[in-house]
Amino acid sequence: MSPTKYSLGFDGGGTKTEAILLDPSGVVVGQGLGGPSNPLRAGFDVALRSLNEAAAAALAQAGAKPAHVAAVCAGLAGAGRRNVVRRVLVYLAQAYPDAVAHVTTDLEVALEAAAGAGPGVVLVAGTGSAAYGRNAAGEMARAGGYGPWIGDAGSAYEIGRKAVEAVARVRDQAAPVTLLSDMIFAALKCTAWDDLTERIAKNPDDVFPQLFPVVAAAAEAEDSAAREILFTAALGLGALAMISVRRLRMQSEEFPLVKCGGVFGHSASFDVPLDSFLSSGAPRAKISRLQVSPAVGAARLAARLNATPLETAVHDGPGKS
């Protein structure tokens, strides 16, 4: 009796990696978590170790082995670069030698989870941010996803950076006192400004994204600086979605506009203006939170590619995220 052949999907970003294992009928039989797997931010060694950690947990939960994987898809932040795709494909080929392998961005697997092969737009905001969509004609459009060095509007990283900037303005007596001054130091267990700046210099990814819940809590306490940061972030993030919508000529169409990532659902000061902005730009869009993990979308995409022999199984995706 031949062993069951599974489809394995990864959703990897700057903070964590999730792996999902589907059986041939599309049922989730294994799930695993790992560390960050954006190679551009965490490095290839860390990224590949995170993929391995998440997959090992998913396979163990199903009582399966790597040889039982027939198709694998890794949707990773940073996978718009060909050198990233090549190196991750080499890893997948070695780890799952009998599987059809596909490497793309986290945006594509989020869109798969949100809309399958149909039209839709996903707005992804976690450590980074971007929008990605597809219209009924199959045309694709992406906006944002340039990383912290150029700008990730509405991301947890950018919100945290703006919060520290607000505290710096208070130190310079250039802005009114904000609750963020005390809350940031308490959350990070820093005792002085020099401690904070040294941690940021050492690894900003370990500081700025962690501050998003602090900003959300300060906004809930009616801190004006925190509310302004979240309002501005919401408008910037909404603008990314509207760029994709306009490029796809979907302003007057009905389609799913799905939000995915860790910044959603935690603050009315962020969610309310964002939804209002999206509704004004695409009044017929069905705005919602993603109900299916992007890793499930990655596993479904792997299964679909395996069922249809095509060259895109080795593919570098829609662009950097």
# chains A, B, ... in the order shown; residues from 1 in each chain; ligands from 1

call {"tool": "closest_atom_pairs", "arguments": {"of": "region 78-105 of chain A", "to": "region 145-160 of chain A", "cutoff": "12 Å", "atoms": "only C-alpha atoms", "output": "JSON lines"}}
result
{"residue": "A:Gly78", "atom": "CA", "partner": "A:Gly145", "partner_atom": "CA", "distance": 8.5}
{"residue": "A:Ala79", "atom": "CA", "partner": "A:Gly145", "partner_atom": "CA", "distance": 10.8}
{"residue": "A:Gly80", "atom": "CA", "partner": "A:Gly145", "partner_atom": "CA", "distance": 9.7}
{"residue": "A:Arg81", "atom": "CA", "partner": "A:Tyr146", "partner_atom": "CA", "distance": 11.6}
{"residue": "A:Thr105", "atom": "CA", "partner": "A:Gly145", "partner_atom": "CA", "distance": 10.2}

call {"tool": "write_last_selection", "arguments": {"atoms": "N, CA and C atoms", "output": "short mmCIF file (atom, residue, chain, number, x, y, z; two decimals), in the first residue's frame"}}
result
data_model
loop_
_atom_site.label_atom_id
_atom_site.label_comp_id
_atom_site.auth_asym_id
_atom_site.auth_seq_id
_atom_site.Cartn_x
_atom_site.Cartn_y
_atom_site.Cartn_z
N GLY A 78 9.91 38.68 1.14
CA GLY A 78 11.25 38.79 0.58
C GLY A 78 11.50 37.91 -0.61
N ALA A 79 10.53 37.07 -0.98
CA ALA A 79 10.75 36.10 -2.05
C ALA A 79 10.47 36.67 -3.44
N GLY A 80 10.41 38.00 -3.55
CA GLY A 80 10.33 38.59 -4.87
C GLY A 80 11.68 38.66 -5.55
N ARG A 81 12.74 38.39 -4.82
CA ARG A 81 14.09 38.43 -5.38
C ARG A 81 14.49 37.04 -5.88
N THR A 105 5.90 34.80 -3.02
CA THR A 105 5.81 35.72 -1.89
C THR A 105 4.68 35.34 -0.95
#

call {"tool": "closest_atom_pairs", "arguments": {"of": "region 77-103 of chain A", "to": "region 9-26 of chain A", "cutoff": "12 Å", "atoms": "only C-alpha atoms", "output": "Markdown table"}}
result
| residue | atom | partner | partner_atom | distance |
| --- | --- | --- | --- | --- |
| A:Ala77 | CA | A:Gly13 | CA | 5.1 |
| A:Gly78 | CA | A:Gly13 | CA | 8.2 |
| A:Ala79 | CA | A:Gly12 | CA | 9.8 |
| A:Val88 | CA | A:Phe10 | CA | 11.7 |
| A:Leu92 | CA | A:Phe10 | CA | 11.2 |
| A:Ala99 | CA | A:Gly9 | CA | 11.9 |
| A:Val100 | CA | A:Gly9 | CA | 11.7 |
| A:Ala101 | CA | A:Gly9 | CA | 10.1 |
| A:His102 | CA | A:Gly9 | CA | 9.6 |
| A:Val103 | CA | A:Phe10 | CA | 9.5 |

call {"tool": "write_last_selection", "arguments": {"atoms": "C-alpha atoms", "output": "PDB file, in the first residue's frame"}}
result
ATOM      1  CA  ALA A  77       8.226  37.771   2.623  1.00  0.00           C
ATOM      2  CA  GLY A  78      11.251  38.793   0.577  1.00  0.00           C
ATOM      3  CA  ALA A  79      10.746  36.102  -2.055  1.00  0.00           C
ATOM      4  CA  VAL A  88      14.918  28.389  -1.041  1.00  0.00           C
ATOM      5  CA  LEU A  92      13.092  22.468  -0.735  1.00  0.00           C
ATOM      6  CA  ALA A  99       7.836  16.904  -4.332  1.00  0.00           C
ATOM      7  CA  VAL A 100       6.886  19.567  -6.860  1.00  0.00           C
ATOM      8  CA  ALA A 101       8.316  22.756  -5.337  1.00  0.00           C
ATOM      9  CA  HIS A 102       7.109  26.339  -5.683  1.00  0.00           C
ATOM     10  CA  VAL A 103       8.507  29.490  -4.058  1.00  0.00           C
TER      11      VAL A 103
END

call {"tool": "closest_residue", "arguments": {"among": "A:Gly43, A:Gly138, A:Gly32, A:Pro66", "to": "Arg87 (chain A)", "atoms": "only C-alpha atoms"}}
result
A:Gly43

call {"tool": "closest_residue", "arguments": {"among": "A:Leu40, A:Leu274, A:Ala221, A:Met183", "to": "Val85 (chain A)", "atoms": "only C-alpha atoms"}}
result
A:Leu40

call {"tool": "residues_around", "arguments": {"residues": "Ala302 (chain A)", "least_positions_apart": "6", "cutoff": "6 Å", "atoms": "only C-alpha atoms", "output": "PyMOL selection string"}}
result
chain A and resi 71-73

call {"tool": "atom_distance", "arguments": {"atom1": "CA of Gly126 (chain A)", "atom2": "CA of Pro256 (chain A)"}}
result
19.7 Å

call {"tool": "select_by_dssp", "arguments": {"residues": "region 54-287 of chain A", "states": "helix (DSSP H, G or I)", "output": "ChimeraX atom specification"}}
result
/A:54-62,66-68,82-95,106-115,156-171,180-188,193-202,204-206,209-220,224-247,268-281

call {"tool": "select_by_dssp", "arguments": {"residues": "region 27-118 of chain A", "states": "strand (DSSP E or B)", "output": "ChimeraX atom specification"}}
result
/A:28-34,69-76,100-104

call {"tool": "write_last_selection", "arguments": {"atoms": "C-alpha atoms", "output": "tab-separated table (two decimals), in the first residue's frame"}}
result
chain	number	residue	atom	x	y	z
A	28	VAL	CA	-5.49	19.99	7.46
A	29	VAL	CA	-3.66	17.14	9.18
A	30	GLY	CA	-0.62	18.95	10.54
A	31	GLN	CA	0.40	22.44	11.65
A	32	GLY	CA	3.72	23.76	12.89
A	33	LEU	CA	5.33	27.05	13.84
A	34	GLY	CA	8.87	28.35	13.52
A	69	VAL	CA	5.23	15.20	0.63
A	70	ALA	CA	4.13	15.35	-3.03
A	71	ALA	CA	3.93	19.14	-3.36
A	72	VAL	CA	5.36	22.03	-1.38
A	73	CYS	CA	4.87	25.78	-1.64
A	74	ALA	CA	6.76	28.37	0.40
A	75	GLY	CA	5.21	31.83	0.49
A	76	LEU	CA	7.83	34.07	2.04
A	100	VAL	CA	6.89	19.57	-6.86
A	101	ALA	CA	8.32	22.76	-5.34
A	102	HIS	CA	7.11	26.34	-5.68
A	103	VAL	CA	8.51	29.49	-4.06
A	104	THR	CA	6.63	32.76	-4.11

call {"tool": "atom_distance", "arguments": {"atom1": "CA of Ala225 (chain A)", "atom2": "CA of Ala175 (chain A)"}}
result
9.1 Å

call {"tool": "closest_residue", "arguments": {"among": "A:Leu180, A:Val90, A:Leu8, A:Ala113", "to": "Lys65 (chain A)", "atoms": "only C-alpha atoms"}}
result
A:Leu8

call {"tool": "atom_distance", "arguments": {"atom1": "CA of Val122 (chain A)", "atom2": "CA of Gly261 (chain A)"}}
result
10.2 Å

call {"tool": "decode", "arguments": {"residues": "region 190-267 of chain A", "atoms": "C-alpha atoms", "output": "short mmCIF file (atom, residue, chain, number, x, y, z; two decimals), in the first residue's frame"}}
result
data_model
loop_
_atom_site.label_atom_id
_atom_site.label_comp_id
_atom_site.auth_asym_id
_atom_site.auth_seq_id
_atom_site.Cartn_x
_atom_site.Cartn_y
_atom_site.Cartn_z
CA CYS A 190 14.63 49.58 29.24
CA THR A 191 15.80 51.86 32.01
CA ALA A 192 17.21 54.74 29.95
CA TRP A 193 17.15 56.28 26.48
CA ASP A 194 20.62 54.93 25.75
CA ASP A 195 19.43 51.38 26.49
CA LEU A 196 16.61 51.82 24.00
CA THR A 197 18.74 53.25 21.22
CA GLU A 198 21.36 50.54 21.69
CA ARG A 199 18.69 47.83 21.32
CA ILE A 200 17.36 49.51 18.21
CA ALA A 201 20.85 49.78 16.71
CA LYS A 202 21.53 46.12 17.46
CA ASN A 203 18.32 44.76 15.92
CA PRO A 204 15.40 47.08 15.11
CA ASP A 205 13.24 44.08 14.14
CA ASP A 206 13.34 43.01 17.79
CA VAL A 207 12.11 46.42 18.96
CA PHE A 208 9.77 48.26 16.62
CA PRO A 209 7.21 45.51 15.79
CA GLN A 210 6.86 44.72 19.50
CA LEU A 211 5.65 48.26 20.15
CA PHE A 212 2.46 48.02 18.09
CA PRO A 213 0.35 46.71 21.04
CA VAL A 214 1.84 49.47 23.20
CA VAL A 215 0.67 52.11 20.74
CA ALA A 216 -2.75 50.43 20.54
CA ALA A 217 -3.05 50.46 24.34
CA ALA A 218 -2.00 54.11 24.54
CA ALA A 219 -4.58 55.03 21.89
CA GLU A 220 -7.25 53.16 23.88
CA ALA A 221 -6.26 55.37 26.84
CA GLU A 222 -6.93 58.38 24.58
CA ASP A 223 -3.30 59.37 24.12
CA SER A 224 -3.31 61.88 21.26
CA ALA A 225 0.15 60.96 19.93
CA ALA A 226 -0.73 57.25 19.72
CA ARG A 227 -4.06 57.99 18.05
CA GLU A 228 -2.38 60.20 15.46
CA ILE A 229 0.20 57.49 14.71
CA LEU A 230 -2.50 54.86 14.16
CA PHE A 231 -4.72 57.15 12.09
CA THR A 232 -1.82 58.08 9.80
CA ALA A 233 -0.77 54.43 9.54
CA ALA A 234 -4.32 53.41 8.59
CA LEU A 235 -4.47 55.97 5.78
CA GLY A 236 -1.06 54.92 4.47
CA LEU A 237 -1.99 51.26 4.49
CA GLY A 238 -5.36 51.92 2.87
CA ALA A 239 -3.60 53.85 0.12
CA LEU A 240 -1.62 50.71 -0.79
CA ALA A 241 -4.84 48.76 -1.26
CA MET A 242 -6.34 51.50 -3.40
CA ILE A 243 -3.28 51.59 -5.65
CA SER A 244 -3.81 47.92 -6.46
CA VAL A 245 -7.59 48.37 -6.86
CA ARG A 246 -7.16 51.27 -9.29
CA ARG A 247 -4.49 49.52 -11.31
CA LEU A 248 -6.83 46.55 -11.69
CA ARG A 249 -9.78 48.83 -12.56
CA MET A 250 -11.88 47.29 -9.78
CA GLN A 251 -13.16 50.47 -8.07
CA SER A 252 -16.77 49.80 -9.09
CA GLU A 253 -16.67 46.01 -8.93
CA GLU A 254 -17.70 43.55 -6.25
CA PHE A 255 -14.76 41.53 -4.93
CA PRO A 256 -13.27 40.34 -1.63
CA LEU A 257 -10.88 42.86 -0.07
CA VAL A 258 -9.28 40.86 2.68
CA LYS A 259 -7.05 42.07 5.51
CA CYS A 260 -4.33 39.74 6.74
CA GLY A 261 -1.72 40.22 9.45
CA GLY A 262 -1.05 41.02 13.06
CA VAL A 263 -2.00 44.71 13.07
CA PHE A 264 -5.70 44.12 12.41
CA GLY A 265 -8.38 43.68 15.03
CA HIS A 266 -6.57 45.27 17.96
CA SER A 267 -7.42 48.97 17.84
#
